[in-house]
>>> print(open('data_3.cif').read())   # mmCIF, C-alpha atoms
data_coords
loop_
_atom_site.label_atom_id
_atom_site.label_comp_id
_atom_site.auth_asym_id
_atom_site.auth_seq_id
_atom_site.Cartn_x
_atom_site.Cartn_y
_atom_site.Cartn_z
CA MET A 1 77.31 -0.27 18.33
CA LYS A 2 78.54 1.62 21.34
CA LYS A 3 76.76 2.09 24.64
CA LYS A 4 77.91 4.82 26.98
CA SER A 5 76.31 3.97 30.26
CA GLU A 6 74.70 0.94 31.81
CA LYS A 7 72.03 3.16 33.37
CA HIS A 8 70.28 4.14 30.14
CA PRO A 9 69.21 2.06 27.14
CA PHE A 10 70.59 4.24 24.33
CA LYS A 11 73.19 3.29 21.75
CA VAL A 12 74.88 4.96 18.79
CA PRO A 13 76.04 3.60 15.40
CA GLU A 14 79.56 2.20 15.11
CA ASN A 15 82.28 4.91 14.83
CA TYR A 16 79.62 7.55 15.40
CA PHE A 17 81.72 9.86 17.59
CA SER A 18 84.71 10.01 15.25
CA ASP A 19 82.33 10.71 12.33
CA LEU A 20 80.56 13.34 14.44
CA GLU A 21 83.82 15.18 15.11
CA ARG A 22 84.70 15.11 11.40
CA GLN A 23 81.22 16.35 10.40
CA ILE A 24 81.25 19.23 12.88
CA LYS A 25 84.74 20.33 11.80
CA SER A 26 83.69 20.24 8.15
CA LYS A 27 80.51 22.26 8.88
CA VAL A 28 82.48 24.84 10.86
CA LYS A 29 84.98 25.14 7.97
CA ASP A 30 82.14 25.60 5.42
CA LYS A 31 80.47 28.17 7.65
CA GLY A 32 83.71 30.15 7.92
CA GLN A 33 84.11 30.20 4.13
CA ASP A 34 80.45 31.10 3.54
CA SER A 35 80.58 33.98 5.98
CA LYS A 36 83.71 35.37 4.28
CA VAL A 37 82.00 35.39 0.86
CA ILE A 38 78.54 36.62 1.78
CA SER A 39 79.21 38.76 4.81
CA ILE A 40 78.76 41.97 2.76
CA LYS A 41 75.42 40.84 1.31
CA PRO A 42 73.14 41.70 4.24
CA ALA A 43 74.65 45.20 4.48
CA LEU A 44 74.16 45.78 0.74
CA LEU A 45 70.60 44.49 0.95
CA LYS A 46 69.85 46.92 3.79
CA VAL A 47 71.21 49.88 1.77
CA ALA A 48 69.28 48.81 -1.35
CA ALA A 49 66.06 48.42 0.66
CA THR A 50 66.49 51.90 2.21
CA VAL A 51 67.13 53.52 -1.19
CA LEU A 52 64.09 51.74 -2.65
CA LEU A 53 61.92 52.86 0.25
CA LEU A 54 63.05 56.50 -0.04
CA LEU A 55 62.49 56.39 -3.81
CA THR A 56 58.97 55.01 -3.35
CA ILE A 57 58.09 57.65 -0.75
CA SER A 58 59.43 60.43 -3.04
CA ILE A 59 57.41 59.18 -6.03
CA VAL A 60 54.22 58.87 -3.97
CA LEU A 61 54.65 62.37 -2.47
CA TYR A 62 55.51 63.88 -5.86
CA LYS A 63 52.46 62.30 -7.46
CA LYS A 64 50.23 63.37 -4.58
CA THR A 65 51.35 67.03 -4.72
CA ASN A 66 50.97 67.13 -8.47
CA THR A 67 47.49 65.61 -8.69
CA ASP A 68 45.80 67.22 -5.71
CA PRO A 69 44.04 70.35 -7.07
CA ILE A 70 43.97 71.98 -3.64
CA GLN A 71 47.76 71.64 -3.35
CA ILE A 72 48.19 73.09 -6.87
CA ALA A 73 45.99 76.04 -6.00
CA GLY A 74 48.07 76.69 -2.89
CA ASN A 75 51.25 76.98 -4.90
CA SER A 76 52.57 80.62 -5.08
CA GLU A 77 53.46 80.32 -8.81
CA VAL A 78 49.92 79.23 -9.54
CA ASN A 79 48.62 82.22 -7.56
CA GLU A 80 50.64 84.54 -9.82
CA ILE A 81 49.11 83.02 -12.97
CA LEU A 82 45.60 83.12 -11.50
CA LYS A 83 45.91 86.88 -10.83
CA ASP A 84 45.58 87.58 -14.57
CA ILE A 85 42.52 85.35 -15.02
CA PRO A 86 39.16 87.00 -14.31
CA ASP A 87 37.15 85.72 -11.31
CA GLU A 88 34.22 84.79 -13.59
CA ALA A 89 36.37 82.44 -15.62
CA ILE A 90 37.71 80.78 -12.50
CA ILE A 91 34.22 80.36 -11.05
CA GLU A 92 32.99 78.94 -14.32
CA TYR A 93 35.90 76.49 -14.35
CA LEU A 94 35.27 75.49 -10.75
CA THR A 95 31.53 74.98 -11.44
CA GLU A 96 32.31 72.62 -14.27
CA SER A 97 35.18 70.85 -12.48
CA ASN A 98 34.48 67.93 -10.18
CA LEU A 99 36.00 69.51 -7.06
CA GLU A 100 34.11 68.64 -3.91
CA VAL A 101 32.66 71.46 -1.78
CA GLU A 102 34.58 70.10 1.20
CA GLN A 103 37.86 70.42 -0.66
CA LEU A 104 37.13 74.07 -1.40
CA ILE A 105 36.17 74.76 2.23
CA ASN A 106 39.39 73.12 3.43
CA PHE A 107 41.42 75.15 1.00
CA ALA A 108 39.76 78.37 2.18
CA ALA A 109 40.45 77.41 5.79
CA SER A 110 44.10 76.65 5.01
CA LYS A 111 44.51 80.08 3.36
CA ASN A 112 42.91 81.94 6.34
CA ILE A 113 40.18 83.46 4.22
CA ASN A 114 37.87 85.17 6.72
CA GLU A 115 34.10 85.13 6.75
CA THR A 116 33.71 88.73 5.50
CA GLU A 117 35.76 87.93 2.46
CA LEU A 118 33.68 84.84 1.87
CA GLU A 119 30.42 86.82 2.18
CA GLU A 120 31.72 89.37 -0.35
CA LYS A 121 32.67 86.49 -2.63
CA ASN A 122 29.18 85.03 -2.21
CA GLU A 123 27.61 88.31 -3.33
CA ILE A 124 29.83 88.41 -6.39
CA GLU A 125 29.05 84.78 -7.08
CA GLU A 126 25.32 85.46 -6.94
CA GLU A 127 25.66 88.41 -9.34
CA ILE A 128 27.73 86.38 -11.76
CA LEU A 129 25.33 83.49 -11.49
CA LYS A 130 22.35 85.75 -12.31
CA ASP A 131 24.29 87.20 -15.20
CA TYR A 132 25.17 83.70 -16.38
CA ILE A 133 21.54 82.55 -16.21
CA ASP A 134 20.28 85.68 -18.03
CA ASN A 135 22.80 85.48 -20.83
CA TYR A 136 23.32 81.82 -21.42
CA LEU A 137 20.25 79.86 -20.29
CA MET B 1 108.27 28.04 7.54
CA GLU B 2 106.79 28.02 11.02
CA GLU B 3 103.09 28.72 11.01
CA GLN B 4 102.11 31.94 12.76
CA LEU B 5 99.75 31.46 15.69
CA THR B 6 96.91 33.85 14.87
CA LYS B 7 93.72 34.43 16.83
CA ASN B 8 91.81 32.49 14.20
CA ASN B 9 93.87 29.33 14.24
CA LEU B 10 94.12 29.53 18.03
CA THR B 11 90.32 29.32 18.14
CA GLU B 12 90.44 26.35 15.79
CA ILE B 13 92.96 24.55 17.98
CA GLU B 14 90.89 25.30 21.10
CA PHE B 15 87.76 24.13 19.34
CA SER B 16 89.38 20.89 18.29
CA VAL B 17 90.35 20.18 21.92
CA ILE B 18 86.85 21.06 23.13
CA LEU B 19 85.30 18.75 20.55
CA THR B 20 87.55 15.86 21.49
CA ASN B 21 86.94 16.32 25.21
CA TYR B 22 83.24 17.07 25.34
CA LYS B 23 81.44 15.68 22.28
CA GLU B 24 80.41 12.40 23.93
CA ARG B 25 79.16 13.91 27.19
CA ILE B 26 77.21 16.56 25.33
CA TYR B 27 75.72 14.01 22.93
CA TRP B 28 74.51 11.78 25.79
CA HIS B 29 73.06 14.76 27.63
CA ILE B 30 71.08 15.71 24.51
CA ARG B 31 70.14 12.11 23.68
CA LYS B 32 68.54 11.57 27.11
CA MET B 33 66.40 14.64 26.54
CA VAL B 34 65.28 14.14 22.91
CA ILE B 35 65.52 10.29 22.80
CA ASP B 36 65.87 9.97 19.00
CA HIS B 37 69.43 9.45 17.71
CA ASP B 38 69.05 11.54 14.52
CA ASP B 39 67.56 14.48 16.44
CA SER B 40 70.34 14.20 19.02
CA ASP B 41 72.93 14.17 16.23
CA ASP B 42 71.49 17.37 14.70
CA ILE B 43 71.30 19.16 18.06
CA THR B 44 74.83 18.10 19.03
CA GLN B 45 76.17 19.50 15.75
CA ASP B 46 74.21 22.77 16.19
CA THR B 47 75.47 23.06 19.76
CA PHE B 48 79.15 22.76 18.76
CA ILE B 49 78.70 25.16 15.84
CA LYS B 50 77.30 27.69 18.33
CA VAL B 51 80.23 26.99 20.64
CA TYR B 52 82.66 27.68 17.77
CA GLU B 53 80.87 30.87 16.72
CA ASN B 54 80.82 32.22 20.28
CA LEU B 55 84.14 30.93 21.57
CA GLU B 56 85.67 34.40 21.46
CA LYS B 57 82.74 35.76 23.49
CA PHE B 58 83.22 33.17 26.26
CA LYS B 59 84.37 35.31 29.16
CA GLY B 60 85.60 32.55 31.39
CA ASP B 61 83.34 33.64 34.27
CA SER B 62 81.99 30.08 34.35
CA ASP B 63 83.55 26.70 33.72
CA LEU B 64 83.92 25.96 29.98
CA PHE B 65 82.00 22.69 30.29
CA THR B 66 79.19 24.47 32.18
CA TRP B 67 78.98 27.02 29.35
CA ILE B 68 78.82 24.31 26.65
CA TYR B 69 76.34 22.28 28.72
CA ARG B 70 74.13 25.39 29.02
CA ILE B 71 74.14 25.90 25.22
CA ALA B 72 73.25 22.23 24.71
CA THR B 73 70.47 22.43 27.32
CA ASN B 74 68.97 25.51 25.69
CA GLU B 75 69.10 23.84 22.27
CA CYS B 76 67.31 20.77 23.71
CA LEU B 77 64.57 22.80 25.37
CA LYS B 78 64.12 24.86 22.18
CA PHE B 79 63.81 21.65 20.14
CA LEU B 80 61.27 20.14 22.56
CA ARG B 81 59.17 23.33 22.54
CA LYS B 82 59.15 23.25 18.74
CA LYS B 83 58.23 19.55 18.69
CA LYS B 84 55.46 20.18 21.22
CA ARG B 85 53.96 22.89 19.00
CA ALA B 86 54.18 20.64 15.93
CA SER B 87 52.57 17.72 17.77
CA ILE B 88 49.42 19.81 18.38
CA PHE B 89 48.81 19.91 14.62
CA SER B 90 49.42 16.18 14.18
CA PHE B 91 46.84 15.34 16.90
CA SER B 92 49.42 13.53 19.02
CA SER B 93 51.48 14.49 22.07
CA LEU B 94 55.18 15.04 22.62
CA GLU B 95 55.19 12.24 25.19
CA SER B 96 53.71 9.72 22.74
CA GLU B 97 56.18 10.78 20.00
CA LEU B 98 59.16 10.39 22.34
CA ASN B 99 57.72 7.09 23.60
CA ASN B 100 57.50 5.92 20.00
CA SER B 101 61.19 6.77 19.44
CA LEU B 102 62.00 4.87 22.61
CA THR B 103 60.25 1.68 21.56
CA SER B 104 60.89 1.63 17.80
CA SER B 105 64.47 2.91 17.39
CA VAL B 106 67.24 0.45 16.49
CA TYR B 107 69.53 2.51 18.69
CA VAL B 108 67.63 1.68 21.88
CA ASP B 109 68.48 -1.64 23.47
CA GLY B 110 68.00 -1.60 27.20
CA ASN B 111 66.55 -4.00 29.69
CA GLU B 112 62.96 -3.78 30.92
CA VAL B 113 63.80 -1.63 33.93
CA GLU B 114 65.83 0.88 31.88
CA ILE B 115 63.01 1.26 29.34
CA LYS B 116 60.41 1.63 32.11
CA LEU B 117 62.51 4.31 33.78
CA GLN B 118 62.74 6.21 30.51
CA LYS B 119 58.96 5.91 30.02
CA ALA B 120 58.44 7.26 33.53
CA LEU B 121 60.81 10.15 32.80
CA LEU B 122 58.78 11.10 29.72
CA LYS B 123 55.83 11.77 32.02
CA LEU B 124 57.76 14.53 33.79
CA PRO B 125 57.84 18.18 32.69
CA ASP B 126 60.93 18.89 30.52
CA LYS B 127 62.73 20.94 33.17
CA GLN B 128 62.18 18.28 35.86
CA ARG B 129 63.39 15.55 33.49
CA LEU B 130 66.45 17.66 32.71
CA ILE B 131 67.30 18.05 36.41
CA PHE B 132 66.75 14.35 37.08
CA ASN B 133 69.03 13.38 34.15
CA MET B 134 71.82 15.67 35.30
CA LYS B 135 71.65 14.44 38.89
CA TYR B 136 70.96 10.74 38.39
CA PHE B 137 72.73 9.88 35.11
CA ASP B 138 75.50 12.50 34.96
CA ASN B 139 76.22 12.56 38.72
CA MET B 140 76.39 16.35 38.74
CA SER B 141 76.30 18.35 41.96
CA TYR B 142 73.37 20.69 42.67
CA GLU B 143 75.81 23.61 42.42
CA GLU B 144 76.84 22.58 38.91
CA ILE B 145 73.21 22.04 37.84
CA SER B 146 72.36 25.42 39.38
CA SER B 147 74.90 27.27 37.25
CA ILE B 148 73.72 25.50 34.08
CA THR B 149 69.99 25.89 34.60
CA GLU B 150 70.23 29.21 36.48
CA THR B 151 67.92 27.80 39.17
CA SER B 152 68.49 27.98 42.92
CA VAL B 153 69.92 24.91 44.68
CA GLY B 154 66.79 24.78 46.90
CA GLY B 155 64.54 24.77 43.83
CA LEU B 156 66.60 22.02 42.24
CA LYS B 157 66.42 19.85 45.35
CA ALA B 158 62.65 20.22 45.46
CA SER B 159 62.39 19.46 41.75
CA TYR B 160 64.54 16.34 42.01
CA HIS B 161 62.57 15.14 45.03
CA HIS B 162 59.25 15.53 43.14
CA ALA B 163 60.70 13.78 40.09
CA VAL B 164 61.89 10.79 42.14
CA LYS B 165 58.49 10.54 43.84
CA LYS B 166 56.62 10.54 40.51
CA ILE B 167 59.01 7.99 38.97
CA LYS B 168 58.67 5.62 41.95
CA LYS B 169 54.90 5.86 41.70
CA TYR B 170 54.93 5.10 37.94
CA ILE B 171 57.39 2.20 38.26
CA SER B 172 55.32 0.57 41.01
CA LEU B 173 52.30 0.46 38.70
CA PRO B 174 51.71 -2.83 36.84
CA ASP B 175 52.35 -2.75 33.02
#
>>> encode(input="data_3.cif", output="structure tokens")
Amino acid sequence: MKKKSEKHPFKVPENYFSDLERQIKSKVKDKGQDSKVISIKPALLKVAATVLLLLTISIVLYKKTNTDPIQIAGNSEVNEILKDIPDEAIIEYLTESNLEVEQLINFAASKNINETELEEKNEIEEEILKDYIDNYL
Amino acid sequence: MEEQLTKNNLTEIEFSVILTNYKERIYWHIRKMVIDHDDSDDITQDTFIKVYENLEKFKGDSDLFTWIYRIATNECLKFLRKKKRASIFSFSSLESELNNSLTSSVYVDGNEVEIKLQKALLKLPDKQRLIFNMKYFDNMSYEEISSITETSVGGLKASYHHAVKKIKKYISLPD
């Protein structure tokens, strides 16, 4: 056992310092080799994580746009198709569908449909509704 | 064929010289702070690995030994902070754990006065103990300690004075 100073009570095992030097050199050598082999890994992981994140965001957005009825209705291609369908059929579909009133109001607001138009629509709706009640109920 | 002296093997040669020259001083500096031999061994190894990894970044604006000493000091303080946090969950204190290492380790074999001094030192805050060790055991000047701990010379003098006062008070108490 070796004691460094008479002032403190600490000791080390026999040959400790020569073993310590050998151990540190060996660790440093291993570290150098490890870093050469795996140095590209963190960069690849970062790229893979970014691609995965972008892919996830794209899928979520795609699914959201394709399942939200309000978004579908806002689509210009859909507007073209709806032109050929009579208002009564659309109203009947909307009555039977489970769209919330709030969703319809939001959609109207997003399309800048003014109050006059809405009032006219209301009158038509009432007429159609009366007609519907008379004929089918 | 004569081996070419590249930047890489130059660092390795430098590192080998550093290790030979400073390993013992750095070990004893760490040992006096963390008490346990195995912990000191781990921290000494981590310190020199950091030295190797950052050797190219060493700008030479301070003495090489001061730079290595600063890395070792930071590693010690980091270790003690971690041990202090862990001791909260084991319902003990850092002081009692270090005291235990002092009294039960096979690598501690001092006389009564040396052990009592170490026990008194464990009652000091880590930074004060560090300053006392550097001044009393390592015979370092306040200027050297100042560049390692990045503390003003005035602050160090005050700290050392307080440490000595507390140690004298503890040592004068009966066992």
>>> closest_residue(input="data_3.cif", among="B:Ser90, B:Asp41, B:Met134, B:His29", to="A:Phe17", atoms="all atoms listed in the file")
B:Asp41
>>> closest_atom_pairs(input="data_3.cif", of="chain A", to="chain B", cutoff="6 Å", atoms="all atoms listed in the file", output="CSV")
residue,atom,partner,partner_atom,distance
A:His8,CA,B:Glu114,CA,5.8
A:Pro9,CA,B:Gly110,CA,3.9
A:Phe10,CA,B:Val108,CA,4.6
A:Lys11,CA,B:Tyr107,CA,4.8
A:Val12,CA,B:Tyr107,CA,5.9
A:Ile24,CA,B:Gln45,CA,5.8
>>> residues_around(input="data_3.cif", residues="B:Thr66", least_positions_apart="5", cutoff="10 Å", atoms="all atoms listed in the file", output="ChimeraX atom specification")
/B:71-72,144-149
>>> atom_distance(input="data_3.cif", atom1="atom CA of A:Val28", atom2="atom CA of B:Cys76")
20.3 Å
>>> closest_residue(input="data_3.cif", among="A:Val60, A:Leu129, A:Leu54, A:Leu44", to="A:Ala89", atoms="all atoms listed in the file")
A:Leu129
>>> decode(input="data_3.cif", residues="stretch 34-66 of chain B", atoms="N, CA, C and O atoms", output="mmCIF file, in the first residue's frame")
data_model
loop_
_atom_site.group_PDB
_atom_site.id
_atom_site.type_symbol
_atom_site.label_atom_id
_atom_site.label_comp_id
_atom_site.auth_asym_id
_atom_site.auth_seq_id
_atom_site.Cartn_x
_atom_site.Cartn_y
_atom_site.Cartn_z
ATOM 1 N N VAL B 34 -13.778 13.183 -2.207
ATOM 2 C CA VAL B 34 -14.851 12.170 -2.207
ATOM 3 C C VAL B 34 -14.586 11.011 -1.235
ATOM 4 O O VAL B 34 -15.434 10.135 -1.067
ATOM 5 N N ILE B 35 -13.402 11.009 -0.617
ATOM 6 C CA ILE B 35 -12.997 10.072 0.454
ATOM 7 C C ILE B 35 -12.845 8.599 0.002
ATOM 8 O O ILE B 35 -11.824 7.987 0.250
ATOM 9 N N ASP B 36 -13.867 8.058 -0.647
ATOM 10 C CA ASP B 36 -13.827 6.640 -1.011
ATOM 11 C C ASP B 36 -12.851 6.380 -2.173
ATOM 12 O O ASP B 36 -12.856 7.117 -3.163
ATOM 13 N N HIS B 37 -12.057 5.303 -2.046
ATOM 14 C CA HIS B 37 -11.057 5.020 -3.088
ATOM 15 C C HIS B 37 -11.700 4.674 -4.436
ATOM 16 O O HIS B 37 -11.262 5.173 -5.488
ATOM 17 N N ASP B 38 -12.745 3.815 -4.419
ATOM 18 C CA ASP B 38 -13.358 3.401 -5.696
ATOM 19 C C ASP B 38 -13.991 4.586 -6.427
ATOM 20 O O ASP B 38 -13.878 4.698 -7.652
ATOM 21 N N ASP B 39 -14.664 5.449 -5.654
ATOM 22 C CA ASP B 39 -15.253 6.650 -6.277
ATOM 23 C C ASP B 39 -14.147 7.537 -6.861
ATOM 24 O O ASP B 39 -14.277 8.062 -7.972
ATOM 25 N N SER B 40 -13.065 7.685 -6.104
ATOM 26 C CA SER B 40 -11.948 8.519 -6.574
ATOM 27 C C SER B 40 -11.347 7.946 -7.854
ATOM 28 O O SER B 40 -10.994 8.687 -8.774
ATOM 29 N N ASP B 41 -11.246 6.624 -7.894
ATOM 30 C CA ASP B 41 -10.705 5.939 -9.071
ATOM 31 C C ASP B 41 -11.578 6.243 -10.301
ATOM 32 O O ASP B 41 -11.067 6.628 -11.358
ATOM 33 N N ASP B 42 -12.901 6.103 -10.131
ATOM 34 C CA ASP B 42 -13.825 6.379 -11.250
ATOM 35 C C ASP B 42 -13.691 7.833 -11.725
ATOM 36 O O ASP B 42 -13.620 8.107 -12.919
ATOM 37 N N ILE B 43 -13.698 8.756 -10.764
ATOM 38 C CA ILE B 43 -13.654 10.186 -11.127
ATOM 39 C C ILE B 43 -12.320 10.547 -11.776
ATOM 40 O O ILE B 43 -12.277 11.329 -12.725
ATOM 41 N N THR B 44 -11.233 9.953 -11.281
ATOM 42 C CA THR B 44 -9.920 10.225 -11.891
ATOM 43 C C THR B 44 -9.923 9.759 -13.349
ATOM 44 O O THR B 44 -9.452 10.480 -14.246
ATOM 45 N N GLN B 45 -10.457 8.562 -13.580
ATOM 46 C CA GLN B 45 -10.508 8.050 -14.960
ATOM 47 C C GLN B 45 -11.369 8.948 -15.852
ATOM 48 O O GLN B 45 -10.971 9.293 -16.970
ATOM 49 N N ASP B 46 -12.545 9.340 -15.337
ATOM 50 C CA ASP B 46 -13.433 10.240 -16.121
ATOM 51 C C ASP B 46 -12.729 11.563 -16.425
ATOM 52 O O ASP B 46 -12.864 12.110 -17.513
ATOM 53 N N THR B 47 -12.013 12.081 -15.412
ATOM 54 C CA THR B 47 -11.312 13.357 -15.596
ATOM 55 C C THR B 47 -10.312 13.255 -16.750
ATOM 56 O O THR B 47 -10.301 14.104 -17.659
ATOM 57 N N PHE B 48 -9.478 12.201 -16.748
ATOM 58 C CA PHE B 48 -8.451 12.089 -17.790
ATOM 59 C C PHE B 48 -9.055 11.776 -19.169
ATOM 60 O O PHE B 48 -8.494 12.184 -20.184
ATOM 61 N N ILE B 49 -10.194 11.092 -19.180
ATOM 62 C CA ILE B 49 -10.851 10.858 -20.478
ATOM 63 C C ILE B 49 -11.336 12.201 -21.036
ATOM 64 O O ILE B 49 -11.196 12.487 -22.218
ATOM 65 N N LYS B 50 -11.875 13.043 -20.150
ATOM 66 C CA LYS B 50 -12.299 14.387 -20.578
ATOM 67 C C LYS B 50 -11.106 15.204 -21.060
ATOM 68 O O LYS B 50 -11.206 15.955 -22.038
ATOM 69 N N VAL B 51 -9.996 15.085 -20.355
ATOM 70 C CA VAL B 51 -8.783 15.799 -20.749
ATOM 71 C C VAL B 51 -8.387 15.368 -22.163
ATOM 72 O O VAL B 51 -8.113 16.204 -23.032
ATOM 73 N N TYR B 52 -8.396 14.060 -22.406
ATOM 74 C CA TYR B 52 -8.015 13.531 -23.726
ATOM 75 C C TYR B 52 -8.965 14.054 -24.817
ATOM 76 O O TYR B 52 -8.523 14.500 -25.872
ATOM 77 N N GLU B 53 -10.257 13.988 -24.512
ATOM 78 C CA GLU B 53 -11.257 14.403 -25.512
ATOM 79 C C GLU B 53 -11.172 15.898 -25.846
ATOM 80 O O GLU B 53 -11.555 16.313 -26.928
ATOM 81 N N ASN B 54 -10.714 16.683 -24.862
ATOM 82 C CA ASN B 54 -10.705 18.139 -25.064
ATOM 83 C C ASN B 54 -9.311 18.737 -25.227
ATOM 84 O O ASN B 54 -9.169 19.955 -25.233
ATOM 85 N N LEU B 55 -8.335 17.884 -25.343
ATOM 86 C CA LEU B 55 -6.948 18.347 -25.416
ATOM 87 C C LEU B 55 -6.720 19.319 -26.578
ATOM 88 O O LEU B 55 -6.003 20.310 -26.437
ATOM 89 N N GLU B 56 -7.392 19.049 -27.688
ATOM 90 C CA GLU B 56 -7.223 19.936 -28.850
ATOM 91 C C GLU B 56 -7.884 21.292 -28.632
ATOM 92 O O GLU B 56 -7.526 22.280 -29.259
ATOM 93 N N LYS B 57 -8.889 21.304 -27.710
ATOM 94 C CA LYS B 57 -9.598 22.574 -27.439
ATOM 95 C C LYS B 57 -8.859 23.424 -26.402
ATOM 96 O O LYS B 57 -9.206 24.582 -26.185
ATOM 97 N N PHE B 58 -7.875 22.818 -25.707
ATOM 98 C CA PHE B 58 -7.130 23.570 -24.689
ATOM 99 C C PHE B 58 -6.336 24.685 -25.368
ATOM 100 O O PHE B 58 -5.486 24.427 -26.219
ATOM 101 N N LYS B 59 -6.708 25.925 -25.014
ATOM 102 C CA LYS B 59 -6.153 27.071 -25.738
ATOM 103 C C LYS B 59 -4.806 27.542 -25.204
ATOM 104 O O LYS B 59 -4.143 28.369 -25.793
ATOM 105 N N GLY B 60 -4.443 27.061 -24.058
ATOM 106 C CA GLY B 60 -3.165 27.471 -23.491
ATOM 107 C C GLY B 60 -3.226 28.826 -22.816
ATOM 108 O O GLY B 60 -2.198 29.407 -22.494
ATOM 109 N N ASP B 61 -4.469 29.360 -22.603
ATOM 110 C CA ASP B 61 -4.574 30.651 -21.914
ATOM 111 C C ASP B 61 -4.453 30.482 -20.394
ATOM 112 O O ASP B 61 -4.420 31.451 -19.652
ATOM 113 N N SER B 62 -4.415 29.227 -19.929
ATOM 114 C CA SER B 62 -4.107 28.985 -18.520
ATOM 115 C C SER B 62 -3.089 27.849 -18.482
ATOM 116 O O SER B 62 -2.847 27.183 -19.480
ATOM 117 N N ASP B 63 -2.510 27.656 -17.312
ATOM 118 C CA ASP B 63 -1.534 26.597 -17.136
ATOM 119 C C ASP B 63 -2.234 25.243 -17.359
ATOM 120 O O ASP B 63 -3.392 25.065 -16.973
ATOM 121 N N LEU B 64 -1.528 24.292 -17.986
ATOM 122 C CA LEU B 64 -2.137 22.988 -18.282
ATOM 123 C C LEU B 64 -2.627 22.298 -17.013
ATOM 124 O O LEU B 64 -3.743 21.763 -16.978
ATOM 125 N N PHE B 65 -1.812 22.354 -15.952
ATOM 126 C CA PHE B 65 -2.209 21.708 -14.704
ATOM 127 C C PHE B 65 -3.462 22.376 -14.117
ATOM 128 O O PHE B 65 -4.348 21.700 -13.615
ATOM 129 N N THR B 66 -3.517 23.701 -14.221
ATOM 130 C CA THR B 66 -4.698 24.432 -13.719
ATOM 131 C C THR B 66 -5.951 23.960 -14.450
ATOM 132 O O THR B 66 -7.002 23.728 -13.848
#
